[in-house]
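Each remark here refers to the structure printed beneath this line.
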Amino acid sequence: MTDFLDVKRREISDRLKELKPAVDEYSRLEAAAAALAGVGGSTSSSSTIVAPRRRGPGRPRGSGGRKKAAAAATATVAAPKAARKPGRPAKRRAGRRKGSGTRAAEALSFVQGQPGITIPELAAKMGIKQNYLYRVLPGLEQENKVEKKGRGWHPKG
(Lines give C-alpha, C1' and ligand atoms only; values in the text may rest on other atoms or scores of the structure.)
Protein backbone atom coordinates (compact mmCIF):
# COMPACT_ATOMS: atom_id res chain seq x y z
CA MET A 1 0.00 0.00 0.00
CA THR A 2 2.85 2.39 0.82
CA ASP A 3 4.48 1.71 -2.54
CA PHE A 4 1.22 2.53 -4.35
CA LEU A 5 0.87 5.86 -2.52
CA ASP A 6 4.49 6.77 -3.16
CA VAL A 7 4.09 6.01 -6.87
CA LYS A 8 0.95 8.16 -7.11
CA ARG A 9 2.56 11.02 -5.19
CA ARG A 10 5.56 10.90 -7.55
CA GLU A 11 3.28 10.85 -10.64
CA ILE A 12 1.32 13.84 -9.37
CA SER A 13 4.50 15.73 -8.52
CA ASP A 14 5.98 15.04 -11.95
CA ARG A 15 2.81 16.14 -13.71
CA LEU A 16 2.67 19.37 -11.65
CA LYS A 17 6.26 20.17 -12.64
CA GLU A 18 5.33 19.49 -16.24
CA LEU A 19 2.30 21.81 -16.19
CA LYS A 20 3.80 24.70 -14.18
CA PRO A 21 5.37 26.47 -17.20
CA ALA A 22 2.04 26.36 -19.04
CA VAL A 23 0.21 27.88 -16.05
CA ASP A 24 2.84 30.61 -15.74
CA GLU A 25 2.54 31.39 -19.45
CA TYR A 26 -1.26 31.55 -19.15
CA SER A 27 -0.98 34.05 -16.29
CA ARG A 28 1.45 36.23 -18.25
CA LEU A 29 -0.74 36.16 -21.34
CA GLU A 30 -3.82 37.02 -19.32
CA ALA A 31 -2.03 40.01 -17.75
CA ALA A 32 -0.81 41.15 -21.18
CA ALA A 33 -4.33 40.90 -22.64
CA ALA A 34 -5.69 42.98 -19.76
CA ALA A 35 -2.98 45.59 -20.25
CA LEU A 36 -3.65 45.82 -23.99
CA ALA A 37 -7.42 46.02 -23.58
CA GLY A 38 -7.26 49.76 -22.84
CA VAL A 39 -4.88 50.54 -25.71
CA GLY A 40 -6.38 51.66 -29.02
CA GLY A 41 -5.91 49.79 -32.27
CA SER A 42 -7.54 46.96 -34.13
CA THR A 43 -8.07 43.86 -32.05
CA SER A 44 -10.25 40.89 -32.68
CA SER A 45 -12.69 40.16 -29.89
CA SER A 46 -11.92 36.44 -29.96
CA SER A 47 -8.22 36.91 -29.21
CA THR A 48 -8.60 38.92 -26.00
CA ILE A 49 -10.50 37.53 -23.08
CA VAL A 50 -10.81 39.99 -20.24
CA ALA A 51 -12.97 39.45 -17.20
CA PRO A 52 -15.57 42.21 -16.69
CA ARG A 53 -15.02 44.65 -13.86
CA ARG A 54 -17.00 43.66 -10.81
CA ARG A 55 -19.66 46.01 -9.48
CA GLY A 56 -21.43 45.99 -6.17
CA PRO A 57 -24.84 44.40 -5.80
CA GLY A 58 -27.64 46.41 -7.33
CA ARG A 59 -25.41 48.78 -9.25
CA PRO A 60 -26.41 49.49 -12.84
CA ARG A 61 -23.98 49.04 -15.71
CA GLY A 62 -21.74 52.02 -16.20
CA SER A 63 -21.91 53.27 -12.64
CA GLY A 64 -18.40 53.78 -11.37
CA GLY A 65 -18.76 53.97 -7.65
CA ARG A 66 -19.85 56.19 -4.84
CA LYS A 67 -16.92 58.58 -5.15
CA LYS A 68 -17.49 59.19 -8.87
CA ALA A 69 -21.25 59.60 -8.43
CA ALA A 70 -20.78 61.98 -5.50
CA ALA A 71 -18.24 64.04 -7.43
CA ALA A 72 -20.54 64.28 -10.43
CA ALA A 73 -23.53 65.23 -8.28
CA THR A 74 -21.67 68.00 -6.47
CA ALA A 75 -20.22 69.28 -9.74
CA THR A 76 -23.65 69.72 -11.35
CA VAL A 77 -25.38 71.06 -8.24
CA ALA A 78 -22.61 73.37 -7.11
CA ALA A 79 -22.12 75.04 -10.51
CA PRO A 80 -22.42 78.80 -10.01
CA LYS A 81 -25.18 80.62 -11.87
CA ALA A 82 -22.64 82.77 -13.71
CA ALA A 83 -21.03 79.67 -15.25
CA ARG A 84 -24.27 78.59 -16.96
CA LYS A 85 -25.02 79.68 -20.48
CA PRO A 86 -27.55 82.51 -20.59
CA GLY A 87 -31.04 81.54 -21.65
CA ARG A 88 -30.63 77.92 -20.67
CA PRO A 89 -32.47 76.51 -17.68
CA ALA A 90 -30.52 74.85 -14.89
CA LYS A 91 -30.21 71.07 -15.10
CA ARG A 92 -33.04 69.17 -13.47
CA ARG A 93 -32.45 67.05 -10.46
CA ALA A 94 -32.51 63.31 -10.92
CA GLY A 95 -35.94 61.75 -10.99
CA ARG A 96 -38.62 60.46 -13.30
CA ARG A 97 -38.75 62.26 -16.61
CA LYS A 98 -41.98 64.12 -17.36
CA GLY A 99 -43.88 62.53 -20.22
CA SER A 100 -45.30 64.29 -23.25
CA GLY A 101 -48.91 63.47 -22.31
CA THR A 102 -49.86 61.60 -25.49
CA ARG A 103 -50.92 58.50 -23.58
CA ALA A 104 -52.89 60.63 -21.14
CA ALA A 105 -54.67 62.31 -24.05
CA GLU A 106 -55.40 58.90 -25.58
CA ALA A 107 -56.77 57.63 -22.25
CA LEU A 108 -58.91 60.77 -21.92
CA SER A 109 -60.41 60.23 -25.38
CA PHE A 110 -61.31 56.63 -24.48
CA VAL A 111 -62.92 57.79 -21.21
CA GLN A 112 -64.92 60.42 -23.12
CA GLY A 113 -65.99 57.85 -25.70
CA GLN A 114 -67.02 55.25 -23.12
CA PRO A 115 -67.90 56.79 -19.74
CA GLY A 116 -67.52 54.38 -16.83
CA ILE A 117 -64.63 52.48 -18.42
CA THR A 118 -62.37 50.68 -15.95
CA ILE A 119 -58.59 50.65 -15.98
CA PRO A 120 -58.30 46.99 -17.09
CA GLU A 121 -60.67 47.68 -20.01
CA LEU A 122 -58.80 50.86 -20.88
CA ALA A 123 -55.43 49.09 -20.78
CA ALA A 124 -56.74 46.37 -23.10
CA LYS A 125 -58.02 48.94 -25.59
CA MET A 126 -54.79 50.94 -25.52
CA GLY A 127 -52.57 47.86 -25.62
CA ILE A 128 -50.54 48.87 -22.57
CA LYS A 129 -50.14 47.60 -19.03
CA GLN A 130 -52.58 48.62 -16.32
CA ASN A 131 -49.94 49.95 -13.91
CA TYR A 132 -49.23 52.86 -16.24
CA LEU A 133 -52.87 53.92 -16.17
CA TYR A 134 -52.97 53.80 -12.37
CA ARG A 135 -50.47 56.65 -12.51
CA VAL A 136 -51.94 58.57 -15.46
CA LEU A 137 -55.64 58.70 -14.57
CA PRO A 138 -55.21 60.22 -11.09
CA GLY A 139 -53.15 62.93 -12.80
CA LEU A 140 -56.03 63.60 -15.17
CA GLU A 141 -58.34 63.67 -12.16
CA GLN A 142 -56.17 66.34 -10.52
CA GLU A 143 -56.42 68.37 -13.73
CA ASN A 144 -60.24 68.10 -13.46
CA LYS A 145 -60.53 66.26 -16.77
CA VAL A 146 -61.93 62.97 -15.42
CA GLU A 147 -63.49 61.71 -12.22
CA LYS A 148 -63.71 58.28 -10.66
CA LYS A 149 -67.08 56.87 -9.70
CA GLY A 150 -66.84 53.43 -8.18
CA ARG A 151 -64.44 51.44 -10.38
CA GLY A 152 -65.13 53.39 -13.56
CA TRP A 153 -63.78 56.65 -14.89
CA HIS A 154 -66.04 59.38 -16.29
CA PRO A 155 -65.28 62.62 -18.15
CA LYS A 156 -65.75 65.74 -16.08
CA GLY A 157 -67.60 68.80 -17.20
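Letters A, B, ... go to the chains of the C-alpha coordinates in the order shown; residues in each chain start at 1; ligands are counted from 1 in the same order.
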When you look at region 111-124 of chain A with a cut-off of 9 Å (counting only C-alpha atoms), what residues show up, excluding the ones that are within fewer than 3 positions of it in the same chain? I need them as number ranges by chain. A: 106-108, 127-134, 137, 146, 148-156
Rounded to one decimal, what separation in Å do you get between CA of Met126 (chain A) and CA of Ala105 (chain A)?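 Taking CA of Met126 (chain A) as the start and CA of Ala105 (chain A) as the end point, the length is 11.5 Å.
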